[in-house]
>>> print(open('work01.pdb').read())   # PDB, C-alpha atoms and all ligand atoms
ATOM      1  CA  MET W   1     -63.553  -6.705  36.161  1.00  0.00           C
ATOM      2  CA  VAL W   2     -63.855  -4.846  32.829  1.00  0.00           C
ATOM      3  CA  LYS W   3     -62.525  -1.284  33.140  1.00  0.00           C
ATOM      4  CA  PRO W   4     -64.853   1.599  32.286  1.00  0.00           C
ATOM      5  CA  TYR W   5     -63.914   3.731  29.297  1.00  0.00           C
ATOM      6  CA  PHE W   6     -65.598   6.757  30.879  1.00  0.00           C
ATOM      7  CA  ASN W   7     -66.349   7.329  34.539  1.00  0.00           C
ATOM      8  CA  SER W   8     -68.146  10.343  35.994  1.00  0.00           C
ATOM      9  CA  GLY W   9     -70.270  10.462  39.109  1.00  0.00           C
ATOM     10  CA  ASP W  10     -72.715   7.601  38.940  1.00  0.00           C
ATOM     11  CA  ILE W  11     -72.263   7.123  35.173  1.00  0.00           C
ATOM     12  CA  GLN W  12     -69.851   4.556  33.734  1.00  0.00           C
ATOM     13  CA  LEU W  13     -69.407   3.747  30.053  1.00  0.00           C
ATOM     14  CA  PHE W  14     -67.760   0.528  28.846  1.00  0.00           C
ATOM     15  CA  HIS W  15     -66.303  -0.057  25.408  1.00  0.00           C
ATOM     16  CA  ASP W  16     -66.231  -3.814  25.085  1.00  0.00           C
ATOM     17  CA  ASP W  17     -68.280  -6.776  24.020  1.00  0.00           C
ATOM     18  CA  CYS W  18     -71.502  -6.417  26.006  1.00  0.00           C
ATOM     19  CA  ILE W  19     -71.312 -10.046  27.144  1.00  0.00           C
ATOM     20  CA  ASN W  20     -67.887  -9.440  28.764  1.00  0.00           C
ATOM     21  CA  VAL W  21     -69.221  -6.363  30.529  1.00  0.00           C
ATOM     22  CA  LEU W  22     -72.428  -8.043  31.674  1.00  0.00           C
ATOM     23  CA  ASN W  23     -70.542 -11.115  32.894  1.00  0.00           C
ATOM     24  CA  SER W  24     -68.343  -8.879  35.045  1.00  0.00           C
ATOM     25  CA  LEU W  25     -71.392  -7.545  36.943  1.00  0.00           C
ATOM     26  CA  PRO W  26     -72.933  -9.311  39.944  1.00  0.00           C
ATOM     27  CA  ALA W  27     -76.033 -11.419  39.296  1.00  0.00           C
ATOM     28  CA  ASN W  28     -79.444  -9.909  40.197  1.00  0.00           C
ATOM     29  CA  SER W  29     -78.045  -6.375  40.490  1.00  0.00           C
ATOM     30  CA  VAL W  30     -79.638  -4.391  37.627  1.00  0.00           C
ATOM     31  CA  ASP W  31     -83.052  -2.646  37.708  1.00  0.00           C
ATOM     32  CA  MET W  32     -83.534  -1.930  34.025  1.00  0.00           C
ATOM     33  CA  ILE W  33     -81.777  -2.520  30.709  1.00  0.00           C
ATOM     34  CA  PHE W  34     -82.311  -0.578  27.482  1.00  0.00           C
ATOM     35  CA  ALA W  35     -80.705  -2.265  24.464  1.00  0.00           C
ATOM     36  CA  ASP W  36     -80.439  -1.032  20.896  1.00  0.00           C
ATOM     37  CA  PRO W  37     -78.737  -4.074  19.353  1.00  0.00           C
ATOM     38  CA  PRO W  38     -77.641  -4.603  15.735  1.00  0.00           C
ATOM     39  CA  TYR W  39     -80.631  -4.806  13.369  1.00  0.00           C
ATOM     40  CA  PHE W  40     -78.685  -6.977  10.833  1.00  0.00           C
ATOM     41  CA  LEU W  41     -79.403  -4.433   8.103  1.00  0.00           C
ATOM     42  CA  SER W  42     -75.996  -4.122   6.439  1.00  0.00           C
ATOM     43  CA  ASN W  43     -76.381  -6.681   3.687  1.00  0.00           C
ATOM     44  CA  GLY W  44     -75.693  -4.600   0.607  1.00  0.00           C
ATOM     45  CA  GLY W  45     -79.150  -3.033   0.255  1.00  0.00           C
ATOM     46  CA  ILE W  46     -79.906   0.553  -0.699  1.00  0.00           C
ATOM     47  CA  SER W  47     -81.541   3.432   1.091  1.00  0.00           C
ATOM     48  CA  CYS W  48     -82.235   7.098   0.520  1.00  0.00           C
ATOM     49  CA  LYS W  49     -80.342   9.779   2.421  1.00  0.00           C
ATOM     50  CA  ALA W  50     -80.786  13.517   1.749  1.00  0.00           C
ATOM     51  CA  GLY W  51     -82.469  12.629  -1.553  1.00  0.00           C
ATOM     52  CA  LYS W  52     -79.580  10.426  -2.742  1.00  0.00           C
ATOM     53  CA  MET W  53     -79.344   6.673  -3.145  1.00  0.00           C
ATOM     54  CA  VAL W  54     -76.862   5.281  -0.610  1.00  0.00           C
ATOM     55  CA  CYS W  55     -75.704   1.845   0.475  1.00  0.00           C
ATOM     56  CA  VAL W  56     -77.257   0.785   3.803  1.00  0.00           C
ATOM     57  CA  ASN W  57     -74.081  -0.944   5.031  1.00  0.00           C
ATOM     58  CA  LYS W  58     -72.925   0.429   8.386  1.00  0.00           C
ATOM     59  CA  ALA W  59     -70.245  -1.995   9.528  1.00  0.00           C
ATOM     60  CA  ASN W  60     -69.463  -5.666  10.028  1.00  0.00           C
ATOM     61  CA  TRP W  61     -71.308  -5.736  13.354  1.00  0.00           C
ATOM     62  CA  ASP W  62     -74.555  -5.052  11.476  1.00  0.00           C
ATOM     63  CA  LYS W  63     -74.191  -7.826   8.864  1.00  0.00           C
ATOM     64  CA  SER W  64     -76.491 -10.817   9.111  1.00  0.00           C
ATOM     65  CA  GLN W  65     -74.657 -14.119   9.593  1.00  0.00           C
ATOM     66  CA  GLY W  66     -77.797 -16.066   8.676  1.00  0.00           C
ATOM     67  CA  THR W  67     -80.872 -16.780  10.789  1.00  0.00           C
ATOM     68  CA  GLU W  68     -79.331 -19.422  13.067  1.00  0.00           C
ATOM     69  CA  LYS W  69     -76.180 -17.469  13.906  1.00  0.00           C
ATOM     70  CA  ASP W  70     -78.070 -14.184  14.344  1.00  0.00           C
ATOM     71  CA  PHE W  71     -80.427 -15.939  16.748  1.00  0.00           C
ATOM     72  CA  GLU W  72     -77.526 -17.461  18.693  1.00  0.00           C
ATOM     73  CA  PHE W  73     -75.983 -13.979  19.027  1.00  0.00           C
ATOM     74  CA  THR W  74     -79.310 -12.505  20.176  1.00  0.00           C
ATOM     75  CA  GLN W  75     -79.986 -15.282  22.646  1.00  0.00           C
ATOM     76  CA  ASN W  76     -76.457 -15.080  24.108  1.00  0.00           C
ATOM     77  CA  TRP W  77     -76.586 -11.379  24.965  1.00  0.00           C
ATOM     78  CA  LEU W  78     -80.146 -11.677  26.284  1.00  0.00           C
ATOM     79  CA  LYS W  79     -79.039 -14.580  28.503  1.00  0.00           C
ATOM     80  CA  ALA W  80     -76.271 -12.359  29.905  1.00  0.00           C
ATOM     81  CA  CYS W  81     -78.846  -9.595  30.509  1.00  0.00           C
ATOM     82  CA  ARG W  82     -81.154 -12.001  32.298  1.00  0.00           C
ATOM     83  CA  ARG W  83     -78.431 -13.074  34.729  1.00  0.00           C
ATOM     84  CA  VAL W  84     -77.736  -9.503  35.904  1.00  0.00           C
ATOM     85  CA  LEU W  85     -81.355  -8.335  36.110  1.00  0.00           C
ATOM     86  CA  LYS W  86     -83.013  -8.211  39.527  1.00  0.00           C
ATOM     87  CA  ASP W  87     -86.014 -10.504  39.931  1.00  0.00           C
ATOM     88  CA  ASN W  88     -88.393  -7.565  39.306  1.00  0.00           C
ATOM     89  CA  GLY W  89     -86.137  -6.097  36.584  1.00  0.00           C
ATOM     90  CA  THR W  90     -87.185  -5.250  33.037  1.00  0.00           C
ATOM     91  CA  ILE W  91     -85.572  -4.942  29.624  1.00  0.00           C
ATOM     92  CA  TRP W  92     -86.452  -2.665  26.699  1.00  0.00           C
ATOM     93  CA  VAL W  93     -85.134  -3.661  23.254  1.00  0.00           C
ATOM     94  CA  SER W  94     -85.537  -1.624  20.081  1.00  0.00           C
ATOM     95  CA  GLY W  95     -85.413  -3.011  16.568  1.00  0.00           C
ATOM     96  CA  THR W  96     -87.030  -3.428  13.200  1.00  0.00           C
ATOM     97  CA  MET W  97     -88.546  -6.401  11.389  1.00  0.00           C
ATOM     98  CA  HIS W  98     -84.990  -7.523  10.579  1.00  0.00           C
ATOM     99  CA  ASN W  99     -84.167  -8.462  14.182  1.00  0.00           C
ATOM    100  CA  ILE W 100     -87.169  -7.912  16.440  1.00  0.00           C
ATOM    101  CA  TYR W 101     -88.858 -11.275  15.852  1.00  0.00           C
ATOM    102  CA  GLN W 102     -85.663 -13.011  16.906  1.00  0.00           C
ATOM    103  CA  VAL W 103     -85.483 -10.789  19.991  1.00  0.00           C
ATOM    104  CA  GLY W 104     -89.118 -11.623  20.852  1.00  0.00           C
ATOM    105  CA  PHE W 105     -88.611 -15.370  20.398  1.00  0.00           C
ATOM    106  CA  ALA W 106     -85.375 -15.350  22.417  1.00  0.00           C
ATOM    107  CA  LEU W 107     -87.140 -13.447  25.221  1.00  0.00           C
ATOM    108  CA  GLN W 108     -89.884 -16.072  25.250  1.00  0.00           C
ATOM    109  CA  LYS W 109     -87.413 -18.968  25.192  1.00  0.00           C
ATOM    110  CA  LEU W 110     -85.555 -17.429  28.132  1.00  0.00           C
ATOM    111  CA  ASN W 111     -88.796 -17.139  30.156  1.00  0.00           C
ATOM    112  CA  PHE W 112     -89.114 -13.375  30.098  1.00  0.00           C
ATOM    113  CA  LYS W 113     -92.665 -12.040  30.111  1.00  0.00           C
ATOM    114  CA  ILE W 114     -93.250  -9.632  27.216  1.00  0.00           C
ATOM    115  CA  LEU W 115     -95.183  -6.659  28.620  1.00  0.00           C
ATOM    116  CA  ASN W 116     -95.655  -4.441  25.566  1.00  0.00           C
ATOM    117  CA  GLU W 117     -94.723  -4.120  21.920  1.00  0.00           C
ATOM    118  CA  ILE W 118     -94.486  -0.425  21.110  1.00  0.00           C
ATOM    119  CA  SER W 119     -94.512   0.959  17.568  1.00  0.00           C
ATOM    120  CA  TRP W 120     -92.572   4.166  17.254  1.00  0.00           C
ATOM    121  CA  PHE W 121     -93.539   6.070  14.110  1.00  0.00           C
ATOM    122  CA  LYS W 122     -90.729   7.809  12.230  1.00  0.00           C
ATOM    123  CA  PRO W 123     -92.381  10.721  10.389  1.00  0.00           C
ATOM    124  CA  ASN W 124     -89.308  11.434   8.270  1.00  0.00           C
ATOM    125  CA  ALA W 125     -88.560   7.865   7.206  1.00  0.00           C
ATOM    126  CA  PRO W 126     -86.872   7.671   3.786  1.00  0.00           C
ATOM    127  CA  PRO W 127     -88.948   6.475   0.817  1.00  0.00           C
ATOM    128  CA  ASN W 128     -88.528   2.923  -0.422  1.00  0.00           C
ATOM    129  CA  LEU W 129     -86.430   3.321  -3.556  1.00  0.00           C
ATOM    130  CA  THR W 130     -87.297  -0.074  -5.053  1.00  0.00           C
ATOM    131  CA  CYS W 131     -90.979   0.930  -5.165  1.00  0.00           C
ATOM    132  CA  LYS W 132     -91.791  -2.707  -4.423  1.00  0.00           C
ATOM    133  CA  TYR W 133     -92.539  -2.413  -0.700  1.00  0.00           C
ATOM    134  CA  PHE W 134     -94.123  -0.071   1.808  1.00  0.00           C
ATOM    135  CA  ALA W 135     -91.627   2.473   3.182  1.00  0.00           C
ATOM    136  CA  HIS W 136     -90.356   1.305   6.574  1.00  0.00           C
ATOM    137  CA  ALA W 137     -91.659   4.034   8.858  1.00  0.00           C
ATOM    138  CA  HIS W 138     -91.515   2.703  12.405  1.00  0.00           C
ATOM    139  CA  GLU W 139     -89.301   0.990  14.910  1.00  0.00           C
ATOM    140  CA  THR W 140     -90.511  -1.536  17.429  1.00  0.00           C
ATOM    141  CA  VAL W 141     -89.628  -1.491  21.107  1.00  0.00           C
ATOM    142  CA  LEU W 142     -90.253  -4.670  23.100  1.00  0.00           C
ATOM    143  CA  TRP W 143     -90.587  -4.306  26.856  1.00  0.00           C
ATOM    144  CA  ALA W 144     -90.286  -7.447  28.960  1.00  0.00           C
ATOM    145  CA  ARG W 145     -89.750  -8.370  32.556  1.00  0.00           C
ATOM    146  CA  LYS W 146     -87.482 -11.064  33.925  1.00  0.00           C
ATOM    147  CA  HIS W 147     -90.110 -13.166  35.632  1.00  0.00           C
ATOM    148  CA  LEU W 148     -93.477 -14.439  34.490  1.00  0.00           C
ATOM    149  CA  LYS W 149     -94.923 -13.976  37.981  1.00  0.00           C
ATOM    150  CA  ILE W 150     -92.830 -11.405  39.898  1.00  0.00           C
ATOM    151  CA  PRO W 151     -94.305  -7.916  39.265  1.00  0.00           C
ATOM    152  CA  HIS W 152     -92.184  -5.140  37.807  1.00  0.00           C
ATOM    153  CA  GLN W 153     -91.977  -1.588  39.126  1.00  0.00           C
ATOM    154  CA  PHE W 154     -94.172   0.906  37.249  1.00  0.00           C
ATOM    155  CA  ASN W 155     -95.104   4.534  37.871  1.00  0.00           C
ATOM    156  CA  TYR W 156     -98.610   4.757  36.398  1.00  0.00           C
ATOM    157  CA  GLU W 157     -99.043   8.459  37.224  1.00  0.00           C
ATOM    158  CA  GLU W 158     -95.776   9.273  35.437  1.00  0.00           C
ATOM    159  CA  MET W 159     -96.989   7.365  32.388  1.00  0.00           C
ATOM    160  CA  LYS W 160    -100.064   9.575  32.176  1.00  0.00           C
ATOM    161  CA  LYS W 161     -97.793  12.634  32.079  1.00  0.00           C
ATOM    162  CA  TRP W 162     -96.187  11.457  28.830  1.00  0.00           C
ATOM    163  CA  ASN W 163     -97.469  13.401  25.874  1.00  0.00           C
ATOM    164  CA  ASP W 164     -97.824  12.061  22.373  1.00  0.00           C
ATOM    165  CA  LYS W 165    -100.016  12.986  19.428  1.00  0.00           C
ATOM    166  CA  LEU W 166    -101.719   9.582  19.595  1.00  0.00           C
ATOM    167  CA  SER W 167    -101.896   9.431  23.418  1.00  0.00           C
ATOM    168  CA  PRO W 168    -102.344  12.917  24.875  1.00  0.00           C
ATOM    169  CA  SER W 169    -101.191  13.708  28.369  1.00  0.00           C
ATOM    170  CA  GLY W 170    -103.573  12.771  31.210  1.00  0.00           C
ATOM    171  CA  LYS W 171    -104.622   9.513  29.565  1.00  0.00           C
ATOM    172  CA  GLN W 172    -103.157   6.032  29.481  1.00  0.00           C
ATOM    173  CA  MET W 173    -100.226   5.896  27.085  1.00  0.00           C
ATOM    174  CA  ARG W 174    -100.937   3.657  24.130  1.00  0.00           C
ATOM    175  CA  THR W 175     -98.501   1.445  22.274  1.00  0.00           C
ATOM    176  CA  LEU W 176     -98.334   3.763  19.255  1.00  0.00           C
ATOM    177  CA  LEU W 177     -95.954   6.682  19.580  1.00  0.00           C
ATOM    178  CA  LYS W 178     -95.956   9.508  17.096  1.00  0.00           C
ATOM    179  CA  ASN W 179     -94.157  12.529  18.411  1.00  0.00           C
ATOM    180  CA  PHE W 180     -92.831  11.147  21.661  1.00  0.00           C
ATOM    181  CA  ILE W 181     -89.844  13.298  22.701  1.00  0.00           C
ATOM    182  CA  LYS W 182     -90.566  15.396  19.647  1.00  0.00           C
ATOM    183  CA  GLU W 183     -87.649  17.704  20.012  1.00  0.00           C
ATOM    184  CA  SER W 184     -85.098  14.929  20.288  1.00  0.00           C
ATOM    185  CA  CYS W 185     -86.672  12.914  17.486  1.00  0.00           C
ATOM    186  CA  GLN W 186     -86.149  15.867  15.190  1.00  0.00           C
ATOM    187  CA  LEU W 187     -82.601  16.284  16.378  1.00  0.00           C
ATOM    188  CA  SER W 188     -81.897  12.651  15.733  1.00  0.00           C
ATOM    189  CA  LEU W 189     -82.162  13.242  12.011  1.00  0.00           C
ATOM    190  CA  CYS W 190     -79.167  15.547  11.862  1.00  0.00           C
ATOM    191  CA  ASN W 191     -76.248  13.325  12.820  1.00  0.00           C
ATOM    192  CA  SER W 192     -75.179  10.355  14.838  1.00  0.00           C
ATOM    193  CA  HIS W 193     -74.302  12.479  17.887  1.00  0.00           C
ATOM    194  CA  CYS W 194     -77.916  13.625  17.994  1.00  0.00           C
ATOM    195  CA  ILE W 195     -79.115  10.032  17.714  1.00  0.00           C
ATOM    196  CA  LYS W 196     -77.236   9.333  20.940  1.00  0.00           C
ATOM    197  CA  LYS W 197     -78.997  12.331  22.517  1.00  0.00           C
ATOM    198  CA  THR W 198     -82.352  10.862  21.517  1.00  0.00           C
ATOM    199  CA  TYR W 199     -81.527   7.592  23.208  1.00  0.00           C
ATOM    200  CA  CYS W 200     -80.356   9.398  26.364  1.00  0.00           C
ATOM    201  CA  LYS W 201     -83.691  11.207  26.551  1.00  0.00           C
ATOM    202  CA  ILE W 202     -85.658   8.030  25.954  1.00  0.00           C
ATOM    203  CA  ILE W 203     -83.725   6.149  28.627  1.00  0.00           C
ATOM    204  CA  LYS W 204     -84.205   9.010  31.112  1.00  0.00           C
ATOM    205  CA  ALA W 205     -87.961   9.051  30.413  1.00  0.00           C
ATOM    206  CA  ILE W 206     -88.228   5.280  30.823  1.00  0.00           C
ATOM    207  CA  LEU W 207     -86.281   5.312  34.089  1.00  0.00           C
ATOM    208  CA  LYS W 208     -88.755   7.861  35.444  1.00  0.00           C
ATOM    209  CA  LEU W 209     -91.671   5.820  34.152  1.00  0.00           C
ATOM    210  CA  GLN W 210     -90.437   2.828  36.087  1.00  0.00           C
ATOM    211  CA  GLY W 211     -89.972   4.920  39.214  1.00  0.00           C
ATOM    212  CA  PHE W 212     -86.144   4.951  39.379  1.00  0.00           C
TER
HETATM  213  C1  LIG W 301     -78.294  -0.204  16.324  1.00  0.00           C
HETATM  214  S1  LIG W 301     -76.696   0.328  16.874  1.00  0.00           S
HETATM  215  C2  LIG W 301     -77.068   1.286  18.301  1.00  0.00           C
HETATM  216  C3  LIG W 301     -76.791   2.717  18.116  1.00  0.00           C
HETATM  217  C4  LIG W 301     -77.050   3.570  19.381  1.00  0.00           C
HETATM  218  N1  LIG W 301     -78.447   3.581  19.739  1.00  0.00           N
HETATM  219  C5  LIG W 301     -76.572   4.992  19.184  1.00  0.00           C
HETATM  220  O1  LIG W 301     -77.368   5.921  19.239  1.00  0.00           O
HETATM  221  O2  LIG W 301     -75.366   5.152  18.953  1.00  0.00           O
HETATM  222  C6  LIG W 301     -76.030  -1.160  17.561  1.00  0.00           C
HETATM  223  C7  LIG W 301     -74.737  -0.933  18.348  1.00  0.00           C
HETATM  224  O3  LIG W 301     -74.330  -2.198  18.919  1.00  0.00           O
HETATM  225  C8  LIG W 301     -72.924  -2.240  18.977  1.00  0.00           C
HETATM  226  N2  LIG W 301     -72.520  -3.670  19.106  1.00  0.00           N
HETATM  227  C9  LIG W 301     -72.541  -4.636  18.176  1.00  0.00           C
HETATM  228  N3  LIG W 301     -72.138  -5.812  18.701  1.00  0.00           N
HETATM  229  C10 LIG W 301     -71.857  -5.577  20.013  1.00  0.00           C
HETATM  230  C11 LIG W 301     -71.402  -6.372  21.095  1.00  0.00           C
HETATM  231  N4  LIG W 301     -71.155  -7.682  20.940  1.00  0.00           N
HETATM  232  N5  LIG W 301     -71.213  -5.787  22.295  1.00  0.00           N
HETATM  233  C12 LIG W 301     -71.476  -4.465  22.484  1.00  0.00           C
HETATM  234  N6  LIG W 301     -71.920  -3.653  21.499  1.00  0.00           N
HETATM  235  C13 LIG W 301     -72.105  -4.206  20.280  1.00  0.00           C
HETATM  236  C14 LIG W 301     -72.473  -1.578  17.674  1.00  0.00           C
HETATM  237  O4  LIG W 301     -71.175  -1.067  17.791  1.00  0.00           O
HETATM  238  C15 LIG W 301     -73.537  -0.465  17.529  1.00  0.00           C
HETATM  239  O5  LIG W 301     -73.069   0.729  18.097  1.00  0.00           O
END
>>> encode(input="work01.pdb", output="structure tokens")
Amino acid sequence: MVKPYFNSGDIQLFHDDCINVLNSLPANSVDMIFADPPYFLSNGGISCKAGKMVCVNKANWDKSQGTEKDFEFTQNWLKACRRVLKDNGTIWVSGTMHNIYQVGFALQKLNFKILNEISWFKPNAPPNLTCKYFAHAHETVLWARKHLKIPHQFNYEEMKKWNDKLSPSGKQMRTLLKNFIKESCQLSLCNSHCIKKTYCKIIKAILKLQGF
């Protein structure tokens, strides 16, 4: 059994390769997974931060190893997720065009059913410094369930309580999010600690949405 790095109440954090951690959990035991995997962005490109040109490289874990190897990596961790998910379990995966097509294809190959593809608009996205492309201004979140036929849990009334500029409260939420969790989205721009806060809020909201 992999030892938790942090343990408090019903929260445990692990600092290890996710496949080791997932393989140490019993099969069919997890209700929902939210994954924010590497986007394979750190390949020497440039970006704009606080008005300055900066290198996009984050770390080795974010470097592309080429399409085949990146896909193998993606498929391996998704396979490990699939084993631990309950039959009615679901997975949410965020990404950008650099990784999300691989995630989608791996989900399909592993017999997940893709439920939604959500576009999450980033109002403060940096400009594209090359001036040869559109500025990347959204992230994609894929939501899939383990089984093609077994229904997932969903709290429809809770979904209608969500509030977003493009899908106001009281109506069905649409797959375009503009100011979802506005406060935390703004916070996320200040530093990496705040980014973690954003993800905590998103995960909490999704858990409620699915009735957990
Ligand atoms: C896109 S970032 C996610 C950032 C996160 N949402 C946050 O707010 O800190 C991808 C993360 O995956 C982690 N990672 C990369 N390979 C991993 C692996 N094999 N097992 C577990 N984590 C891994 C990296 O360390 C990095 O923190």
>>> resolve_selection(input="work01.pdb", expression="the PyMOL selection byres (((chain W and resi 22-33) around 6) and not hetatm)", output="compact mmCIF listing (two decimals) with C-alpha atoms, in the frame of the given file")
# COMPACT_ATOMS: atom_id res chain seq x y z
CA MET W 1 -63.55 -6.70 36.16
CA CYS W 18 -71.50 -6.42 26.01
CA ILE W 19 -71.31 -10.05 27.14
CA ASN W 20 -67.89 -9.44 28.76
CA VAL W 21 -69.22 -6.36 30.53
CA PHE W 34 -82.31 -0.58 27.48
CA ARG W 83 -78.43 -13.07 34.73
CA VAL W 84 -77.74 -9.50 35.90
CA LEU W 85 -81.36 -8.34 36.11
CA LYS W 86 -83.01 -8.21 39.53
CA GLY W 89 -86.14 -6.10 36.58
CA THR W 90 -87.18 -5.25 33.04
CA ILE W 91 -85.57 -4.94 29.62
>>> atom_distance(input="work01.pdb", atom1="CA of Ala80 (chain W)", atom2="CA of Glu139 (chain W)")
23.9 Å
>>> resolve_selection(input="work01.pdb", expression="the PyMOL selection byres (((chain W and resi 75) around 9) and not hetatm)", output="MDAnalysis selection string")
chainID W and resid 70:74 76:80 102:103 105:107 109:110
>>> resolve_selection(input="work01.pdb", expression="the PyMOL selection byres (((chain W and resi 15) around 6) and not hetatm)", output="number ranges by chain")
W: 5, 14, 16
>>> residues_around(input="work01.pdb", residues="region 154-166 of chain W", least_positions_apart="3", cutoff="7 Å", atoms="all atoms listed in the file", output="number ranges by chain")
W: 169-173, 176-180, 209-211
>>> atom_distance(input="work01.pdb", atom1="atom N2 of ligand LIG 301 (chain W)", atom2="CA of Lys63 (chain W)")
11.2 Å
>>> closest_residue(input="work01.pdb", among="W:Asn124, W:Gln12, W:Ser94, W:Ser64", to="ligand LIG 301 (chain W)", atoms="all atoms listed in the file")
W:Ser94
>>> closest_residue(input="work01.pdb", among="W:Met97, W:Val141, W:Cys200, W:Val54", to="ligand LIG 301 (chain W)", atoms="only C-alpha atoms and all ligand atoms")
W:Cys200
>>> closest_residue(input="work01.pdb", among="W:Cys48, W:Cys81, W:Phe40, W:Gln153", to="Trp61 (chain W)", atoms="all atoms listed in the file")
W:Phe40
>>> axis_aligned_box(input="work01.pdb", around="ligand LIG 301 (chain W)", padding_each_side="6 Å", output="AutoDock Vina command-line options")
--center_x -74.8 --center_y -0.9 --center_z 19.4 --size_x 19.3 --size_y 25.6 --size_z 18.2
>>> residues_around(input="work01.pdb", residues="Ala137 (chain W)", least_positions_apart="2", cutoff="6 Å", atoms="all atoms listed in the file", output="list in words")
Phe121, Lys122, Ala125 and Ala135 of chain W
>>> closest_residue(input="work01.pdb", among="W:Pro126, W:Gln65, W:Lys132, W:Asn111", to="Lys146 (chain W)", atoms="all atoms listed in the file")
W:Asn111
